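Coordinates as given in protein.pdb (PDB, C-alpha atoms):
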ATOM      1  CA  MET E   1       9.128   9.020  18.929
ATOM      2  CA  TYR E   2       7.179   6.820  16.533
ATOM      3  CA  SER E   3       3.398   6.763  16.715
ATOM      4  CA  ILE E   4       1.824   3.716  15.149
ATOM      5  CA  ILE E   5      -1.780   4.417  14.226
ATOM      6  CA  LEU E   6      -3.870   1.269  13.828
ATOM      7  CA  PRO E   7      -7.343   1.646  12.353
ATOM      8  CA  THR E   8      -9.310  -1.379  13.506
ATOM      9  CA  TYR E   9     -12.609  -2.995  12.775
ATOM     10  CA  ASN E  10     -13.328  -6.356  14.405
ATOM     11  CA  GLU E  11      -9.698  -7.118  15.133
ATOM     12  CA  ARG E  12     -10.186  -8.505  18.614
ATOM     13  CA  ASP E  13      -8.105 -11.585  17.727
ATOM     14  CA  ASN E  14      -5.368  -9.985  15.650
ATOM     15  CA  LEU E  15      -4.824  -6.841  17.706
ATOM     16  CA  PRO E  16      -3.065  -8.416  20.715
ATOM     17  CA  LEU E  17      -0.842 -10.456  18.409
ATOM     18  CA  LEU E  18       0.089  -7.373  16.420
ATOM     19  CA  VAL E  19       0.862  -5.360  19.541
ATOM     20  CA  TRP E  20       3.014  -8.201  20.839
ATOM     21  CA  MET E  21       4.987  -8.271  17.581
ATOM     22  CA  ILE E  22       5.380  -4.485  17.503
ATOM     23  CA  ASP E  23       6.741  -4.573  21.037
ATOM     24  CA  LYS E  24       9.087  -7.407  20.149
ATOM     25  CA  TYR E  25      10.630  -5.865  17.017
ATOM     26  CA  LEU E  26      10.664  -2.222  18.020
ATOM     27  CA  GLY E  27      11.936  -3.135  21.455
ATOM     28  CA  ALA E  28      14.782  -5.098  19.908
ATOM     29  CA  ALA E  29      15.657  -2.137  17.693
ATOM     30  CA  ASN E  30      15.394   0.300  20.602
ATOM     31  CA  ILE E  31      12.730   2.384  18.942
ATOM     32  CA  GLN E  32      10.564   4.513  21.190
ATOM     33  CA  TYR E  33       6.966   3.979  20.193
ATOM     34  CA  GLU E  34       3.332   4.450  21.072
ATOM     35  CA  ILE E  35       0.338   2.668  19.542
ATOM     36  CA  VAL E  36      -2.836   4.606  18.833
ATOM     37  CA  ILE E  37      -5.739   2.246  18.196
ATOM     38  CA  VAL E  38      -8.561   3.905  16.301
ATOM     39  CA  ASP E  39     -11.505   1.558  16.463
ATOM     40  CA  ASP E  40     -14.532   2.097  14.252
ATOM     41  CA  GLY E  41     -17.087   0.851  16.778
ATOM     42  CA  SER E  42     -16.273  -2.860  16.504
ATOM     43  CA  PRO E  43     -18.961  -5.083  18.023
ATOM     44  CA  ASP E  44     -16.564  -7.959  18.650
ATOM     45  CA  GLY E  45     -14.720  -6.644  21.697
ATOM     46  CA  THR E  46     -11.748  -4.997  19.987
ATOM     47  CA  GLN E  47     -11.883  -2.086  22.412
ATOM     48  CA  GLU E  48     -11.816  -4.431  25.411
ATOM     49  CA  ALA E  49      -8.758  -6.103  23.920
ATOM     50  CA  ALA E  50      -7.156  -2.667  23.522
ATOM     51  CA  LYS E  51      -7.830  -1.876  27.185
ATOM     52  CA  GLN E  52      -6.229  -5.139  28.302
ATOM     53  CA  LEU E  53      -3.192  -4.408  26.170
ATOM     54  CA  ALA E  54      -2.862  -0.926  27.629
ATOM     55  CA  LYS E  55      -2.664  -2.505  31.074
ATOM     56  CA  ILE E  56      -0.062  -5.037  29.984
ATOM     57  CA  TYR E  57       2.149  -2.709  27.959
ATOM     58  CA  SER E  58       1.537   0.540  29.853
ATOM     59  CA  GLU E  59      -1.070   3.153  29.154
ATOM     60  CA  ASP E  60       1.626   5.565  28.046
ATOM     61  CA  ARG E  61       2.253   3.371  25.094
ATOM     62  CA  ILE E  62      -1.174   2.170  24.074
ATOM     63  CA  LEU E  63      -4.068   4.491  23.504
ATOM     64  CA  GLY E  64      -7.471   3.228  22.413
ATOM     65  CA  LEU E  65      -9.822   5.598  20.619
ATOM     66  CA  GLY E  66     -13.276   5.166  19.191
ATOM     67  CA  THR E  67     -13.210   7.695  16.404
ATOM     68  CA  ALA E  68     -12.855   7.606  12.637
ATOM     69  CA  TYR E  69      -9.650   6.855  10.761
ATOM     70  CA  LEU E  70      -6.844   9.416  11.029
ATOM     71  CA  HIS E  71      -8.484  11.411  13.785
ATOM     72  CA  GLY E  72      -5.925   9.327  15.633
ATOM     73  CA  LEU E  73      -3.335  11.731  14.335
ATOM     74  CA  LYS E  74      -4.565  14.457  16.706
ATOM     75  CA  HIS E  75      -3.888  12.186  19.665
ATOM     76  CA  ALA E  76      -0.557  10.869  18.494
ATOM     77  CA  LYS E  77       2.409  12.311  20.366
ATOM     78  CA  GLY E  78       5.246  11.156  18.130
ATOM     79  CA  ASP E  79       7.108  13.179  15.522
ATOM     80  CA  HIS E  80       6.902  10.241  13.147
ATOM     81  CA  VAL E  81       3.785   8.278  12.270
ATOM     82  CA  ILE E  82       3.420   4.760  10.954
ATOM     83  CA  LEU E  83       0.217   3.685   9.273
ATOM     84  CA  MET E  84      -0.349  -0.038   8.810
ATOM     85  CA  ASP E  85      -3.090  -2.627   8.589
ATOM     86  CA  ALA E  86      -4.219  -4.272  11.800
ATOM     87  CA  ASP E  87      -5.011  -7.700  10.357
ATOM     88  CA  LEU E  88      -1.457  -9.086  10.471
ATOM     89  CA  SER E  89      -0.923  -8.665   6.736
ATOM     90  CA  HIS E  90       1.767  -6.100   7.557
ATOM     91  CA  HIS E  91       4.621  -7.360   9.712
ATOM     92  CA  PRO E  92       6.149  -4.994  12.308
ATOM     93  CA  LYS E  93       9.612  -6.373  11.603
ATOM     94  CA  PHE E  94       9.749  -3.992   8.634
ATOM     95  CA  ILE E  95       9.277  -0.919  10.812
ATOM     96  CA  PRO E  96      12.925  -0.770  11.992
ATOM     97  CA  GLN E  97      13.942  -1.135   8.341
ATOM     98  CA  MET E  98      11.723   1.795   7.383
ATOM     99  CA  VAL E  99      13.130   3.861  10.230
ATOM    100  CA  ALA E 100      16.682   3.120   9.083
ATOM    101  CA  LYS E 101      15.788   3.918   5.487
ATOM    102  CA  MET E 102      14.262   7.234   6.433
ATOM    103  CA  ARG E 103      17.395   8.172   8.359
ATOM    104  CA  SER E 104      19.910   7.048   5.762
ATOM    105  CA  GLY E 105      18.109   8.692   2.850
ATOM    106  CA  SER E 106      16.590  11.668   4.681
ATOM    107  CA  PHE E 107      13.221  10.807   3.222
ATOM    108  CA  ASP E 108       9.977  12.479   4.160
ATOM    109  CA  ILE E 109       8.084   9.271   3.608
ATOM    110  CA  VAL E 110       9.112   5.612   3.468
ATOM    111  CA  THR E 111       6.645   3.203   1.924
ATOM    112  CA  GLY E 112       6.611  -0.564   2.010
ATOM    113  CA  SER E 113       6.615  -2.119  -1.441
ATOM    114  CA  ARG E 114       5.115  -5.519  -2.151
ATOM    115  CA  TYR E 115       6.315  -5.429  -5.739
ATOM    116  CA  GLU E 116       9.923  -4.294  -5.871
ATOM    117  CA  GLY E 117      13.088  -4.935  -3.976
ATOM    118  CA  GLU E 118      14.952  -7.910  -2.596
ATOM    119  CA  GLY E 119      12.688  -9.944  -0.363
ATOM    120  CA  CYS E 120       9.371  -8.382  -1.337
ATOM    121  CA  GLY E 121       6.370 -10.569  -1.946
ATOM    122  CA  VAL E 122       2.791 -11.509  -1.273
ATOM    123  CA  TYR E 123       1.463 -14.704   0.241
ATOM    124  CA  GLY E 124      -2.064 -15.900  -0.377
ATOM    125  CA  TRP E 125      -2.936 -14.455  -3.775
ATOM    126  CA  ASP E 126      -4.301 -16.721  -6.468
ATOM    127  CA  LEU E 127      -3.605 -16.223 -10.168
ATOM    128  CA  ARG E 128      -6.632 -13.991 -10.686
ATOM    129  CA  ARG E 129      -5.603 -11.688  -7.885
ATOM    130  CA  LYS E 130      -2.035 -11.495  -9.165
ATOM    131  CA  VAL E 131      -3.159 -10.625 -12.677
ATOM    132  CA  ILE E 132      -5.493  -7.921 -11.393
ATOM    133  CA  SER E 133      -2.810  -6.527  -9.138
ATOM    134  CA  ARG E 134      -0.142  -6.413 -11.856
ATOM    135  CA  GLY E 135      -2.591  -5.007 -14.381
ATOM    136  CA  ALA E 136      -3.837  -2.334 -12.014
ATOM    137  CA  ASN E 137      -0.315  -1.373 -11.036
ATOM    138  CA  PHE E 138       0.803  -1.257 -14.671
ATOM    139  CA  LEU E 139      -2.038   1.094 -15.499
ATOM    140  CA  ALA E 140      -1.290   3.316 -12.522
ATOM    141  CA  GLN E 141       2.409   3.478 -13.404
ATOM    142  CA  LEU E 142       1.592   4.309 -17.013
ATOM    143  CA  LEU E 143      -0.957   6.997 -16.269
ATOM    144  CA  LEU E 144       0.489   8.594 -13.156
ATOM    145  CA  ARG E 145       4.248   7.862 -13.356
ATOM    146  CA  PRO E 146       4.292   8.155  -9.578
ATOM    147  CA  GLY E 147       7.906   7.214  -8.883
ATOM    148  CA  VAL E 148       6.708   4.680  -6.325
ATOM    149  CA  SER E 149       6.451   0.978  -7.153
ATOM    150  CA  ASP E 150       3.557   0.077  -4.823
ATOM    151  CA  LEU E 151       0.983   2.790  -5.174
ATOM    152  CA  THR E 152      -1.910   1.166  -3.315
ATOM    153  CA  GLY E 153       0.169  -0.086  -0.408
ATOM    154  CA  SER E 154      -0.853   1.049   3.061
ATOM    155  CA  PHE E 155       2.218   0.291   5.151
ATOM    156  CA  ARG E 156       4.071   3.600   5.426
ATOM    157  CA  LEU E 157       6.231   5.719   7.694
ATOM    158  CA  TYR E 158       5.721   9.486   7.581
ATOM    159  CA  LYS E 159       7.193  12.490   9.237
ATOM    160  CA  ARG E 160       4.318  13.805  11.257
ATOM    161  CA  GLU E 161       3.986  17.213   9.607
ATOM    162  CA  VAL E 162       4.158  15.567   6.181
ATOM    163  CA  LEU E 163       1.289  13.223   7.006
ATOM    164  CA  GLN E 164      -0.747  16.077   8.441
ATOM    165  CA  ARG E 165      -0.290  18.081   5.266
ATOM    166  CA  LEU E 166      -1.236  15.125   3.072
ATOM    167  CA  VAL E 167      -4.303  14.229   5.112
ATOM    168  CA  ASP E 168      -5.441  17.842   4.872
ATOM    169  CA  SER E 169      -5.063  17.954   1.106
ATOM    170  CA  CYS E 170      -6.363  14.526   0.059
ATOM    171  CA  THR E 171     -10.034  13.852  -0.490
ATOM    172  CA  SER E 172     -10.494  10.232  -1.554
ATOM    173  CA  LYS E 173     -11.035   7.073   0.496
ATOM    174  CA  GLY E 174      -9.776   3.513   0.639
ATOM    175  CA  TYR E 175      -7.371   2.299  -2.053
ATOM    176  CA  VAL E 176      -7.526   5.586  -3.863
ATOM    177  CA  PHE E 177      -6.626   7.570  -0.743
ATOM    178  CA  GLN E 178      -3.366   5.629  -0.515
ATOM    179  CA  MET E 179      -2.658   6.437  -4.151
ATOM    180  CA  GLU E 180      -3.647  10.062  -3.820
ATOM    181  CA  MET E 181      -1.309  10.559  -0.875
ATOM    182  CA  MET E 182       1.688   9.363  -2.868
ATOM    183  CA  VAL E 183       0.829  11.465  -5.897
ATOM    184  CA  ARG E 184       0.238  14.592  -3.823
ATOM    185  CA  ALA E 185       3.381  13.931  -1.832
ATOM    186  CA  ARG E 186       5.404  14.036  -5.028
ATOM    187  CA  HIS E 187       3.674  17.180  -6.181
ATOM    188  CA  LEU E 188       4.443  18.857  -2.886
ATOM    189  CA  GLY E 189       8.082  17.944  -3.327
ATOM    190  CA  TYR E 190       8.362  15.330  -0.601
ATOM    191  CA  SER E 191      10.941  12.577  -1.018
ATOM    192  CA  ILE E 192       9.743   8.996  -0.854
ATOM    193  CA  GLY E 193      11.915   5.965  -0.073
ATOM    194  CA  GLU E 194      10.889   2.340  -0.407
ATOM    195  CA  VAL E 195      11.486  -0.779   1.625
ATOM    196  CA  PRO E 196      10.549  -4.212   0.222
ATOM    197  CA  ILE E 197       7.961  -5.930   2.427
ATOM    198  CA  THR E 198       6.130  -9.225   2.518
ATOM    199  CA  PHE E 199       2.366  -9.089   2.670
ATOM    200  CA  VAL E 200       0.512 -12.084   4.093
ATOM    201  CA  ASP E 201      -3.026 -11.766   2.888
ATOM    202  CA  ARG E 202      -6.027 -12.912   4.862
ATOM    203  CA  MET E 203      -4.354 -14.933   7.544
ATOM    204  CA  PHE E 204      -7.565 -16.234   8.980
ATOM    205  CA  TYR E 205     -10.149 -15.791   6.292
ATOM    206  CA  GLY E 206     -10.818 -17.490   2.973
ATOM    207  CA  ASP E 207      -9.683 -16.236  -0.407
ATOM    208  CA  SER E 208      -8.871 -12.604  -0.803
ATOM    209  CA  LYS E 209     -11.813 -11.572  -2.900
ATOM    210  CA  LEU E 210     -11.450  -8.538  -5.089
ATOM    211  CA  GLY E 211     -14.870  -7.906  -6.566
ATOM    212  CA  GLY E 212     -16.040  -6.031  -9.611
ATOM    213  CA  SER E 213     -17.196  -3.009  -7.652
ATOM    214  CA  GLU E 214     -13.779  -2.576  -6.039
ATOM    215  CA  ILE E 215     -12.162  -2.671  -9.458
ATOM    216  CA  VAL E 216     -14.573  -0.025 -10.708
ATOM    217  CA  GLN E 217     -13.828   2.168  -7.677
ATOM    218  CA  TYR E 218     -10.131   1.797  -8.359
ATOM    219  CA  LEU E 219     -10.458   2.744 -12.028
ATOM    220  CA  LYS E 220     -12.628   5.740 -11.180
ATOM    221  CA  GLY E 221     -10.086   6.897  -8.623
ATOM    222  CA  LEU E 222      -7.195   6.336 -10.987
ATOM    223  CA  LEU E 223      -8.834   8.293 -13.782
ATOM    224  CA  THR E 224      -9.723  11.116 -11.407
ATOM    225  CA  LEU E 225      -6.117  11.394 -10.308
ATOM    226  CA  PHE E 226      -5.030  11.185 -13.946
ATOM    227  CA  ALA E 227      -7.256  14.085 -14.877
ATOM    228  CA  THR E 228      -6.629  16.293 -11.873
ATOM    229  CA  THR E 229      -2.953  15.935 -10.981
TER
ATOM    230  CA  PRO X   1       6.822  22.084 -11.127
ATOM    231  CA  MET X   2       4.149  20.053 -12.902
ATOM    232  CA  ALA X   3       1.711  22.625 -14.156
ATOM    233  CA  LEU X   4       0.124  20.187 -16.595
ATOM    234  CA  THR X   5      -2.027  17.351 -15.346
ATOM    235  CA  LYS X   6      -1.107  13.883 -16.582
ATOM    236  CA  LEU X   7      -4.173  13.963 -18.808
ATOM    237  CA  MET X   8      -2.996  17.175 -20.430
ATOM    238  CA  GLN X   9       0.470  15.729 -20.936
ATOM    239  CA  TRP X  10      -1.043  12.752 -22.723
ATOM    240  CA  LEU X  11      -3.297  14.943 -24.866
ATOM    241  CA  LEU X  12      -0.313  17.076 -25.783
ATOM    242  CA  GLY X  13       1.807  14.062 -26.620
ATOM    243  CA  GLY X  14      -1.044  12.440 -28.501
ATOM    244  CA  GLY X  15      -1.687  15.664 -30.368
ATOM    245  CA  CYS X  16       1.937  15.891 -31.465
ATOM    246  CA  PHE X  17       1.887  12.298 -32.656
ATOM    247  CA  ILE X  18      -1.271  12.872 -34.650
ATOM    248  CA  ALA X  19       0.066  16.115 -36.128
ATOM    249  CA  LEU X  20       3.246  14.372 -37.202
ATOM    250  CA  TRP X  21       1.299  11.499 -38.671
ATOM    251  CA  LEU X  22      -1.039  13.767 -40.613
ATOM    252  CA  ALA X  23       1.961  15.684 -41.916
ATOM    253  CA  LEU X  24       3.476  12.458 -43.141
ATOM    254  CA  MET X  25       0.170  11.358 -44.658
ATOM    255  CA  HIS X  26      -0.168  14.559 -46.611
ATOM    256  CA  ASP X  27       3.442  14.498 -47.764
ATOM    257  CA  LEU X  28       4.240  17.674 -45.877
ATOM    258  CA  ILE X  29       7.483  16.190 -44.623
ATOM    259  CA  PRO X  30      10.156  15.845 -47.298
ATOM    260  CA  VAL X  31      11.195  12.248 -46.677
ATOM    261  CA  GLU X  32      11.669   9.346 -49.103
ATOM    262  CA  LEU X  33       9.481   6.388 -48.238
ATOM    263  CA  THR X  34       9.780   2.869 -49.567
ATOM    264  CA  PRO X  35       6.505   1.066 -50.352
ATOM    265  CA  MET X  36       6.837  -0.716 -47.010
ATOM    266  CA  GLY X  37       7.521   2.621 -45.306
ATOM    267  CA  ARG X  38       4.470   4.029 -46.997
ATOM    268  CA  HIS X  39       2.330   1.172 -45.788
ATOM    269  CA  VAL X  40       3.514   1.485 -42.198
ATOM    270  CA  THR X  41       2.943   5.236 -42.280
ATOM    271  CA  ASN X  42      -0.616   4.817 -43.495
ATOM    272  CA  TRP X  43      -1.391   2.451 -40.657
ATOM    273  CA  LEU X  44       0.931   3.964 -38.056
ATOM    274  CA  PRO X  45      -1.638   4.589 -35.291
ATOM    275  CA  LEU X  46      -2.842   1.023 -35.575
ATOM    276  CA  TYR X  47       0.638  -0.467 -35.585
ATOM    277  CA  ALA X  48       1.732   1.758 -32.706
ATOM    278  CA  GLY X  49      -1.370   0.891 -30.716
ATOM    279  CA  GLY X  50      -0.988  -2.804 -31.438
ATOM    280  CA  LEU X  51       2.674  -2.838 -30.485
ATOM    281  CA  PHE X  52       1.930  -0.964 -27.299
ATOM    282  CA  GLY X  53      -0.886  -3.355 -26.409
ATOM    283  CA  LEU X  54       1.345  -6.346 -27.056
ATOM    284  CA  ALA X  55       4.225  -4.913 -25.020
ATOM    285  CA  SER X  56       1.843  -4.143 -22.144
ATOM    286  CA  ALA X  57       0.329  -7.614 -22.158
ATOM    287  CA  LEU X  58       3.753  -9.259 -22.225
ATOM    288  CA  THR X  59       4.972  -7.045 -19.392
ATOM    289  CA  ILE X  60       1.996  -7.965 -17.255
ATOM    290  CA  VAL X  61       2.337 -11.675 -18.016
ATOM    291  CA  TYR X  62       6.030 -11.522 -17.138
ATOM    292  CA  ARG X  63       5.322  -9.743 -13.866
ATOM    293  CA  VAL X  64       2.642 -12.251 -12.906
ATOM    294  CA  LEU X  65       5.027 -15.138 -13.593
ATOM    295  CA  MET X  66       7.820 -13.463 -11.640
ATOM    296  CA  PHE X  67       5.506 -12.758  -8.720
ATOM    297  CA  ASN X  68       7.249 -13.492  -5.457
ATOM    298  CA  ASP X  69       5.112 -15.802  -3.335
ATOM    299  CA  CYS X  70       6.975 -15.749   0.026
ATOM    300  CA  PRO X  71       5.607 -18.830   1.795
ATOM    301  CA  GLU X  72       8.291 -18.392   4.438
ATOM    302  CA  ALA X  73       6.629 -15.156   5.498
ATOM    303  CA  HIS X  74       3.457 -17.094   6.158
ATOM    304  CA  SER X  75       5.121 -19.868   8.157
ATOM    305  CA  GLU X  76       7.109 -17.347  10.173
ATOM    306  CA  LEU X  77       3.897 -15.500  10.963
ATOM    307  CA  VAL X  78       2.152 -18.700  12.057
ATOM    308  CA  ARG X  79       5.004 -19.495  14.431
ATOM    309  CA  GLU X  80       5.079 -15.997  15.857
ATOM    310  CA  ILE X  81       1.351 -16.049  16.422
ATOM    311  CA  ASP X  82       1.719 -19.151  18.593
ATOM    312  CA  GLU X  83       4.585 -17.553  20.471
ATOM    313  CA  ALA X  84       2.585 -14.371  20.954
ATOM    314  CA  LYS X  85      -0.502 -16.186  22.234
ATOM    315  CA  ALA X  86       1.524 -18.096  24.807
ATOM    316  CA  ASP X  87       3.387 -15.032  25.996
ATOM    317  CA  LEU X  88       0.295 -12.855  26.200
ATOM    318  CA  ALA X  89      -1.568 -15.525  28.154
ATOM    319  CA  LYS X  90       1.318 -15.584  30.617
ATOM    320  CA  ARG X  91       1.072 -11.844  30.996
ATOM    321  CA  GLY X  92      -2.579 -12.072  31.852
ATOM    322  CA  PHE X  93      -4.286 -11.414  28.532
ATOM    323  CA  LYS X  94      -7.689 -13.076  28.256
ATOM    324  CA  PHE X  95      -8.409 -14.305  24.767
ATOM    325  CA  VAL X  96     -11.947 -14.803  23.602
ATOM    326  CA  ASP X  97     -12.738 -18.234  22.249
ATOM    327  CA  PRO X  98     -14.577 -17.859  18.889
ATOM    328  CA  LYS X  99     -17.223 -20.187  20.254
ATOM    329  CA  GLY X 100     -17.995 -17.730  23.033
ATOM    330  CA  ASP X 101     -16.270 -19.210  26.080
ATOM    331  CA  LYS X 102     -13.433 -17.239  27.622
ATOM    332  CA  LYS X 103     -10.028 -18.874  27.783
ATOM    333  CA  THR X 104      -8.143 -18.169  30.966
ATOM    334  CA  SER X 105      -4.364 -18.033  31.310
TER
END

Do you think you could lay out the structure here as structure tokens?
Amino acid sequence: MYSIILPTYNERDNLPLLVWMIDKYLGAANIQYEIVIVDDGSPDGTQEAAKQLAKIYSEDRILGLGTAYLHGLKHAKGDHVILMDADLSHHPKFIPQMVAKMRSGSFDIVTGSRYEGEGCGVYGWDLRRKVISRGANFLAQLLLRPGVSDLTGSFRLYKREVLQRLVDSCTSKGYVFQMEMMVRARHLGYSIGEVPITFVDRMFYGDSKLGGSEIVQYLKGLLTLFATT
Amino acid sequence: PMALTKLMQWLLGGGCFIALWLALMHDLIPVELTPMGRHVTNWLPLYAGGLFGLASALTIVYRVLMFNDCPEAHSELVREIDEAKADLAKRGFKFVDPKGDKKTS
């Protein structure tokens, strides 16, 4: 069974749409799933939305929690776990493709890649964002040689015990956590497959702003991984 | 197994390069160099660095230009959102109007 863990913060509007799409695509592919919503105390009514969805789609399949990110793993019942963003930038239609990839290649992890593969892409990035993204990725590839084309991506399918092991051994947060997991996974000998995905940035908000402080955090994290792994 | 961190690998590689270069500079390696060869050898770190920087910049520029924009993903998502809203409303989901009023199905 596939547990989809959704960390949410103020996703009252996107959450029902995402759940609907997950049900549509996983239902069509006959994939048994549950959705574990881990809400970080949203003031906008996200938890109420989760409760409504549990009624509509069955409480066996939708669990709403109010604890921090990845504590959701304790409550997940599946033997596979999918982590994805809850703001509709990740499309559930890629989940059946990841499932198939994991089966056909016997991978421990399958990651979505925005940068490589037929049909990959990003919508909503201006030139500045693209340059930063390509530059950052180039640097990460050069320094870490990770064997994964999209190192900061957060749309991934894991075998449950693999994710548990990675969560236990990684210490960073945010972007860098995603990177650290991939690097550690390789060090621990796990196999990683990739599926090209499309990423639709900031459906309902303005420009995707990537500020100076985020860039600094990224560089710090990158250099730390460079020096310690 | 990777016993060396990436940093150590780079230091090792860099150290070898520098050792080789110094050996060449001090004529410790028996090799015939043309005047041009001599010149390049003297400035090797600079030339290597410059070439690397240029190659990196060109790679990044190329990748930015070849960036796949996928507008169809966006339009598909917009359509599915409308479909989802209609279907959820039918199933009894109460959306919250951003202005504060509740929409009913």

>> Env of Pro71 in chain X: 9 Å cut, atoms = only C-alpha atoms, seq-sep filter 3 positions within chain, self excluded. Answer as a PyMOL selection string.
In response: (chain E and resi 122-124+200) or (chain X and resi 74-76)

> Care to translate the PyMOL selection byres ((chain X) within 8 of (chain E)) into actual residues of this file, as JSON, numbers by chain?
Replying inline: {"X": [1, 2, 4, 5, 6, 7, 8, 60, 61, 63, 64, 67, 68, 69, 70, 71, 73, 74, 80, 81, 84, 85, 88, 91, 92, 93, 95, 96]}

What does the file look like for those residues with C-alpha atoms, as a compact mmCIF listing (two decimals), keeping the file's coordinate frame?
# COMPACT_ATOMS: atom_id res chain seq x y z
CA PRO X 1 6.82 22.08 -11.13
CA MET X 2 4.15 20.05 -12.90
CA LEU X 4 0.12 20.19 -16.60
CA THR X 5 -2.03 17.35 -15.35
CA LYS X 6 -1.11 13.88 -16.58
CA LEU X 7 -4.17 13.96 -18.81
CA MET X 8 -3.00 17.18 -20.43
CA ILE X 60 2.00 -7.96 -17.26
CA VAL X 61 2.34 -11.68 -18.02
CA ARG X 63 5.32 -9.74 -13.87
CA VAL X 64 2.64 -12.25 -12.91
CA PHE X 67 5.51 -12.76 -8.72
CA ASN X 68 7.25 -13.49 -5.46
CA ASP X 69 5.11 -15.80 -3.34
CA CYS X 70 6.98 -15.75 0.03
CA PRO X 71 5.61 -18.83 1.80
CA ALA X 73 6.63 -15.16 5.50
CA HIS X 74 3.46 -17.09 6.16
CA GLU X 80 5.08 -16.00 15.86
CA ILE X 81 1.35 -16.05 16.42
CA ALA X 84 2.58 -14.37 20.95
CA LYS X 85 -0.50 -16.19 22.23
CA LEU X 88 0.30 -12.86 26.20
CA ARG X 91 1.07 -11.84 31.00
CA GLY X 92 -2.58 -12.07 31.85
CA PHE X 93 -4.29 -11.41 28.53
CA PHE X 95 -8.41 -14.30 24.77
CA VAL X 96 -11.95 -14.80 23.60

>> Need the shell around Gln217 in chain E: protein/DNA/RNA residues with any atom at most 12 Å away, counting all atoms listed in the file. Skip same-chain ones fewer than 3 positions apart. Format as a PyMOL selection string?
In response: chain E and resi 136+172-177+210-214+220-224

> Which residues fall under the PyMOL selection byres ((chain E and resi 28-33) around 8) in this file, as a list in words?
Replying inline: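 Applied to this file, the PyMOL selection byres ((chain E and resi 28-33) around 8) returns Met1, Tyr2, Ser3, Ile4, Lys24, Tyr25, Leu26, Gly27, Glu34, Ile35, Arg61, Gly78 and Pro96 of chain E.
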
> Using all atoms listed in the file, which residues sit within 9 Å of Asn42 in chain X once same-chain residues fewer than 2 positions away are excluded, as a PyMOL selection string?
Replying inline: chain X and resi 21+24-25+37-40+44-45

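Atom pair CA of Gly193 in chain E / CA of Leu73 in chain E: separated by 21.8 Å.
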
>> Which residues are close to range 157-164 of chain E, i.e. within 10 Å by all atoms listed in the file, leaving aside same-chain residues fewer than 2 positions away? Reply as an MDAnalysis selection string.
In response: chainID E and resid 2:4 70 73:74 76:84 95 98:99 101:102 107:112 154:155 166:169 181 185 188 190 192:194

> Quick one, how far is CA of Val148 in chain E from CA of Ile5 in chain E?
Replying inline: 22.2 Å

> Of the candidates X:Leu58, X:Leu22, X:Ala3, X:Met66, which one gets nearest to Trp43 in chain X if we count all atoms listed in the file?
Replying inline: X:Leu22

> How far is it from CA of Gly50 in chain X to CA of Thr152 in chain E, in Å with one decimal?
Replying inline: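 Distance reported for this atom pair: 28.4 Å.
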
Six-sided padding of 8 Å per side, axis-aligned box over range 35-45 of chain X, centre and edges in Å, one decimal, as lines of an AutoDock Vina configuration file:
center_x = 2.9
center_y = 2.3
center_z = -42.8
size_x = 25.2
size_y = 22.0
size_z = 31.1

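Using only C-alpha atoms, the nearest neighbour of Ala23 in chain X within the list X:Gly49, X:Pro35, X:Asp97, X:Thr41 is X:Thr41.
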
>> Quick check on the file I pasted: which residues fall under the PyMOL selection byres ((chain E and resi 37) around 9)? Write them as a list in words.
In response: Ile4, Ile5, Leu6, Pro7, Thr8, Ile35, Val36, Val38, Asp39, Gln47, Ala50, Ile62, Leu63, Gly64, Leu65, Gly66 and Gly72 of chain E
